[in-house]
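Shown next, in structure tokens, is the structure this report addresses.
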Amino acid sequence: MGKDGPRRAVSRRDILKGTAAGAGALALGGAPFLNLRYGRAQAPKVTWMSNQRHDRAVKEALFAQFKEQSGIEVEMQIFADEYKDQLKLAFEAGNAPDIFNMNQPRQEVEAGWAQPLDEYLAATPGLKESFLPGAFVPNRGIWNGQTHGLPMYAQTMRLYYNRGIFERAGLDPNTPPTTWTQMREMSKTISDELKGEGVYGFILGDKFTWVWWMNVACPAQLAGAFYYDWKTGQYNFAQDGIKQAMQLMVDMEADGSIFPGVHTLTDDDARQQFSLGRAGMIIGGSWNPGVFNDQFQSTEDWETAELPLPDSGQKGRVQQGIGDRYTISAASQNKDAAWEVLKFMYSQPTMTSMFEQGMGVMGVAAANTGESTVRGVPKLAPTERDVIIPPEPELPTMTPDYQTVMQTIFDDKGSTMDQKLTEVTTAYNDAFAQVVAEGKIAQSDFVIPEFDPMTWQPPK
Amino acid sequence: MDTALPTSAQQTLPAVSPSRRPRRTTPLRSHLPAYLMVAPTVILFLVFMVFPIAFVLYTSFLDWNGIGSVFDASFTGVDNYTRLVQDPTWWTAVRNTVLYAVIKLVAELPLALVVALTLNSGLRGSTLFRTIGFLPVITSIAVVSLAFTFFFSPLGGAFNDLLFNRLGVIDEPIAFLGERDYAFWTVTGVAVWHDLGINMVFFLAALQTVPRDLYDAAMVDGAGWWEKFRSITVPAIRPITAVIVTLSLAGSLKVFDYFAVMTGGGPGFSTTTMVLYMFRYTSFGGGGLSGAATIPEVGYGSTIAIGLGLIIFAAVLIQQAISRWQEGR
Amino acid sequence: MATTPVQAPRPRSQSTVRTSYVVPTPSAAAVARLRALRLGWGGVRYGLLALYMALCLYPFLWMVATSLRSSRSVFSSGLSLWVDAPQWQNYQDIWDAANIPRAATNTVIITAVCMAATILTTSMSAYALTRSDFPGRKFVMVALLTTFLVPGEMLIIPTFYVNRSLNLIGDWKSVVAVILVMTAGAQVFNIYLLISHFQTLPAELFDAAAVDGESYFGAYRRIAFPLIRPALATISLLTFMGVWNAYLVPLVYLSQVPDYQTLTIALIQYSKQFQTLYHVMAAGAVVTLVPVVLVFVFLQRYFIRGLTEGATKG
């Protein structure tokens, strides 16, 4: 260890060069052959490492188009769960990709993996401004005063419902639920009517517990309850809005309206069941239409709708995530070519085409036209119910994390809700205080006294 | 790394004491051939075992995020260890793992012995039975677990079909891998199914070494079936039983693959094992897709690794002490 | 199938024992009762064994059945093993998607090299550790024993650093890394197994060989090695199973080099993309399973002998 320098010095590149030279010597006098080799080795090839697979085919097509324009070839390496490890191993092994998705941006910047993009952005007028407001703020896009990573997606949360199932259950396929009570009632109607056919009103798959963020934490934001309160700089999971959103899930389960085997399903399983027409409704991000259409090739008549509002009316907006930051690695030998790739990918035509093909809501504002012939896509575009929130504090892996706590409350049929949400609030605030005490983040970065969930606007 | 052996067989056979050959007072050089012959093993060991263990031990004292260089990480003394001792989820993981190991000992091993005894009693077709009984062992745990995930599914899974549709003993299909009352037991059942065969074969091997004439002599004395089992079979297979217990114990305490694939450690932490809990910090990470970024703590993951290593070590020491005490009686 | 040690003919069955000795002067009625008991007991034993065997076999049959179902019928077939319309297409799908031929070739190569390396290194070590009492011998024994208690999973990342320092990352070099790591992991168990076998060889054998001018290594190669063949068969089988089914190590080293992936990794990678296509997954599982089953069926009689002849004589 600590020998990165010399080790890297004998890289594959050198061996390749050596081999090429050897081949040249063997083919003594075969200069044309040597030249041909050399010429080909010079053609830039950019590696692109990602943990996103839903957009693979679309990106491949775009990269092919880009290669025709520029001669630059892009090779994608896609990993799922093991992305984090694979990325580290690639950097450790000295064969870092030229472009990668920053899944741990702060730590990756600190480790020196990422090339600051300020100079490149300065040389490309208009690009930085084309992103959604809030794309580059301290602790999200800006670390150590430098700009890192261009956000590819800015997902919105939506309710997806199956019109065919609504109709069969005697509901109006054109009016998805607009309030939580309606959502509960419609789920019950569907389950009561169609359970015999194995069709349920609502589905979630929490084998991996993070989905409680989508199914409780996000809906609660419409009640004005974000679990981290920027006003006070404190976590609070025991807010009424969160409890009500949690209670809705508990009640729907008690009604028998939720697809059985919640904990045995991953989100992917749940989405497949929805695609097969076995559940009336599912909550998910704007990446879902691509999954339903392409990955699971759904033939069902489903549609996208906004998340239902609490019965007491809208008191806040749902967070619009802004992430999947692709950046150039500091170790790249092809930085300029890599920047050309990024410029192409983040250009408005490319981004618009990705939105319209149903890949999700894009980081470039003008791309989210709301126009698309792909099922479910038009309604993904951000509305006044979506907001790009300020950055949240970064905490270590919490055990238990609040999502797992919600899963337990769900299993306890809500009986332990008050106690467990209070406990997890304390745990998160303690962890926050400790991270601040260790100097890993500054608390002041995460306090906004004037924050209001209905009116707050990210800085331009 | 996973060794080139199935979980239950990963460990060593008996702590065989090498036959005492008269120690010859020869100079070191005369041992050169012996040194050369153990050299590959020793080198592999130093490089792929001793150094990595030292590395994990070192990082267990660090606040290291696993991304930056290990040399830039700050040294935090025994902080990680204090935290481990006070971590309730860690103790949940320890309890789950120990319970699993105990079930494997008290359920799987006697069952394996019973099957081995039956196969050893001169039944027709025992080779075929032995082959079939060993089949589960030779299948990949990762692949088998994937198959069982569907097998126990409440949606058209075979097991629910049996209990609900055919036998009618349950009121509605049960998510056997998704309910905290069942998940642990279901996964443990799959593990017993998968690993029973290897222990059966170990016992079978042991039974075949019991000298026939002992039984014949007992017969002359008019000993019954139980008498013979107790006074001949048990003492004869005791040494290898101790080995089988050690193998099973160490293997069980390291378990993770069944649980990782079938339940992912949930619901809650009801099926989280020690190794799975280690992965929570070293590999799988927490946040996932849900909004906020997390600060990785690979140093703490190393501490968990050392903690579980110590527990396995202690368990095996205790078990060895017990079996030595039994032999001495 | 040829007779194996398990089937070695027994001089007397247990029930005969009971008839002759537990009841010294049997009346006709008692004999009849005992005969019935014997039949009953035999029946019960067969019944229980058959039940256990059914439990062992059923999941395999069910997997084969699942692998032939369509994406709809897979959810409605439950316990049944009957397949109405076999979908051989599933095999075609997994064959192409996971690039099975390539992955199978890789797996065969890795497994073969690992087996050879494991047999060679462990038999040499075990021989030396048994025959010579060289200074440091005890230390090696204890070190071996200690490391078997360490969960290999925790060593993944540092081991990767080692391989990086050895410049063993990338393409075929990653394959070398996999082989080294797996061979290292297979040492302890096999060395102990082989020691117990070498111990059964009489010391006079080696003394005689020495008189004949056989060198230390020569005695290993020409005398000891051939004598422990059954144990080597056991090791081969265990190593084969372990390497063929290995998951974590190949995942770490080979998932970045798709052309060098093993079957298990190819299958798992595929399942991550399409994890709910159970029928196609099942087809993949069957494909990876068949070679292991075949190898086991052919090697199994040596397998038991290898375990029997050494392990219990320590």
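Residue numbers start at 1 in each chain; chains themselves are named A, B, ... in the order of the structure tokens; ligands are numbered from 1 in the order shown.
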
For Thr288 (chain C), list every protein, DNA or RNA residue within 9 Å, evaluated using only C-alpha atoms, and leave out those in the same chain fewer than 5 positions away; present the list as JSON, numbers by chain.
{"B": [139, 140, 143], "C": [104, 244, 245, 263, 264, 267, 283]}

Among the residues of region 97-272 of chain A, find those DSSP assigns to strand (DSSP E or B) from the backbone and print them as a ChimeraX atom specification.
/A:99-102,114,131,137-138,140-143,146-147,150-153,157-162,179,200-202,228-229,234-235,258

For region 209-226 of chain A, list every protein, DNA or RNA residue within 9 Å, evaluated using only C-alpha atoms, and leave out those in the same chain fewer than 3 positions away; present the list as a PyMOL selection string.
(chain A and resi 157+204-206+229-230+235-237+239-246+248-249+263+266-267+282-285+307-310+312-319+385+401-404+406-407+452-454) or (chain B and resi 266-268+286-291)

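Restricting the calculation to only C-alpha atoms, the smallest distance between chain B and any of A:Phe355, A:Phe296, A:Tyr346, A:Tyr83 is found for A:Tyr83.
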
List the neighbours of Leu294 (chain C) out to 12 Å using only C-alpha atoms; skip same-chain residues closer than 4 positions along the sequence, and give me the result as a list in words.
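Residues meeting the cut-off are Thr131, Leu135, Ile138 and Thr139 of chain B; Leu237, Phe240, Met241, Val287, Thr288, Leu289, Val290, Phe298, Leu299 and Gln300 of chain C.
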
Neighbours of Trp88 (chain C) within 10 Å (only C-alpha atoms; same-chain residues fewer than 5 positions away dropped), as a PyMOL selection string?
chain C and resi 67-70+93+280+283

Counting only C-alpha atoms, which residues of chain B sit at most 6 Å from some atom of chain A, and what is each one's closest atom pair with its distance in Å to one decimal, listed by chain and rising residue number, as a Markdown table?
| residue | atom | partner | partner_atom | distance |
| --- | --- | --- | --- | --- |
| B:Gly68 | CA | A:Ala111 | CA | 4.4 |
| B:Ala175 | CA | A:Gly261 | CA | 4.9 |
| B:Leu177 | CA | A:Thr264 | CA | 6.0 |
| B:Gly178 | CA | A:His263 | CA | 4.5 |
| B:Gly268 | CA | A:Thr404 | CA | 5.8 |
| B:Gly286 | CA | A:Thr397 | CA | 5.1 |
| B:Ser290 | CA | A:Trp210 | CA | 5.8 |
| B:Ala293 | CA | A:Glu394 | CA | 5.5 |
| B:Thr294 | CA | A:Leu395 | CA | 5.2 |
| B:Ile295 | CA | A:Pro396 | CA | 4.3 |
| B:Pro296 | CA | A:Pro396 | CA | 5.9 |

Separating CA of Met49 (chain B) from CA of Tyr161 (chain C), to the nearest tenth of an Å, is a gap of 12.3 Å

Pick out the residues sitting within 9 Å of Leu144 (chain C), and hand them over as a VMD selection string; count only C-alpha atoms, and ignore anything fewer than 5 positions along from it in its own chain.
(chain B and resid 12 45) or (chain C and resid 139 187 to 188 191)

Please produce an output containing N, CA, C and O atoms for each residue in the selection, written as a compact mmCIF listing (two decimals), in the first residue's frame.
# COMPACT_ATOMS: atom_id res chain seq x y z
N THR B 12 -11.18 -27.24 9.59
CA THR B 12 -10.27 -28.37 9.60
C THR B 12 -10.92 -29.58 10.18
O THR B 12 -11.89 -29.52 10.90
N PHE B 45 -0.25 -18.46 2.97
CA PHE B 45 -0.84 -18.09 4.25
C PHE B 45 -0.47 -16.71 4.70
O PHE B 45 -1.31 -15.92 5.12
N PHE C 139 4.64 -24.27 15.12
CA PHE C 139 4.12 -22.94 14.85
C PHE C 139 3.21 -22.95 13.62
O PHE C 139 2.12 -22.38 13.62
N GLN C 187 -6.53 -24.37 2.10
CA GLN C 187 -5.39 -25.10 2.68
C GLN C 187 -5.72 -25.87 3.95
O GLN C 187 -5.50 -27.07 4.03
N VAL C 188 -6.27 -25.19 4.94
CA VAL C 188 -6.33 -25.75 6.28
C VAL C 188 -7.04 -27.10 6.33
O VAL C 188 -6.47 -28.11 6.76
N ILE C 191 -5.15 -29.85 4.47
CA ILE C 191 -3.89 -30.27 5.10
C ILE C 191 -4.19 -31.19 6.27
O ILE C 191 -3.58 -32.25 6.41

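Contact shell of Met359 (chain A) at 6 Å (only C-alpha atoms; same-chain neighbours under 4 positions omitted): Trp287, Gly290, Met354 and Phe355 of chain A.
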
Since we have the selection now, will you write its residues out, keeping N, CA, C and O atoms, as a compact mmCIF listing (two decimals), in the first residue's frame?
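See again_38.txt below for the written result:
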# COMPACT_ATOMS: atom_id res chain seq x y z
N TRP A 287 -38.26 7.37 -11.94
CA TRP A 287 -37.58 6.36 -12.73
C TRP A 287 -38.51 5.19 -13.08
O TRP A 287 -38.19 4.35 -13.88
N GLY A 290 -39.92 4.02 -16.88
CA GLY A 290 -38.94 3.26 -17.65
C GLY A 290 -38.89 1.81 -17.20
O GLY A 290 -38.78 0.90 -18.02
N MET A 354 -33.85 12.12 -23.25
CA MET A 354 -33.91 11.13 -22.17
C MET A 354 -35.21 11.26 -21.39
O MET A 354 -35.83 10.28 -21.02
N PHE A 355 -35.62 12.52 -21.14
CA PHE A 355 -36.91 12.69 -20.44
C PHE A 355 -38.04 12.10 -21.27
O PHE A 355 -38.87 11.35 -20.77
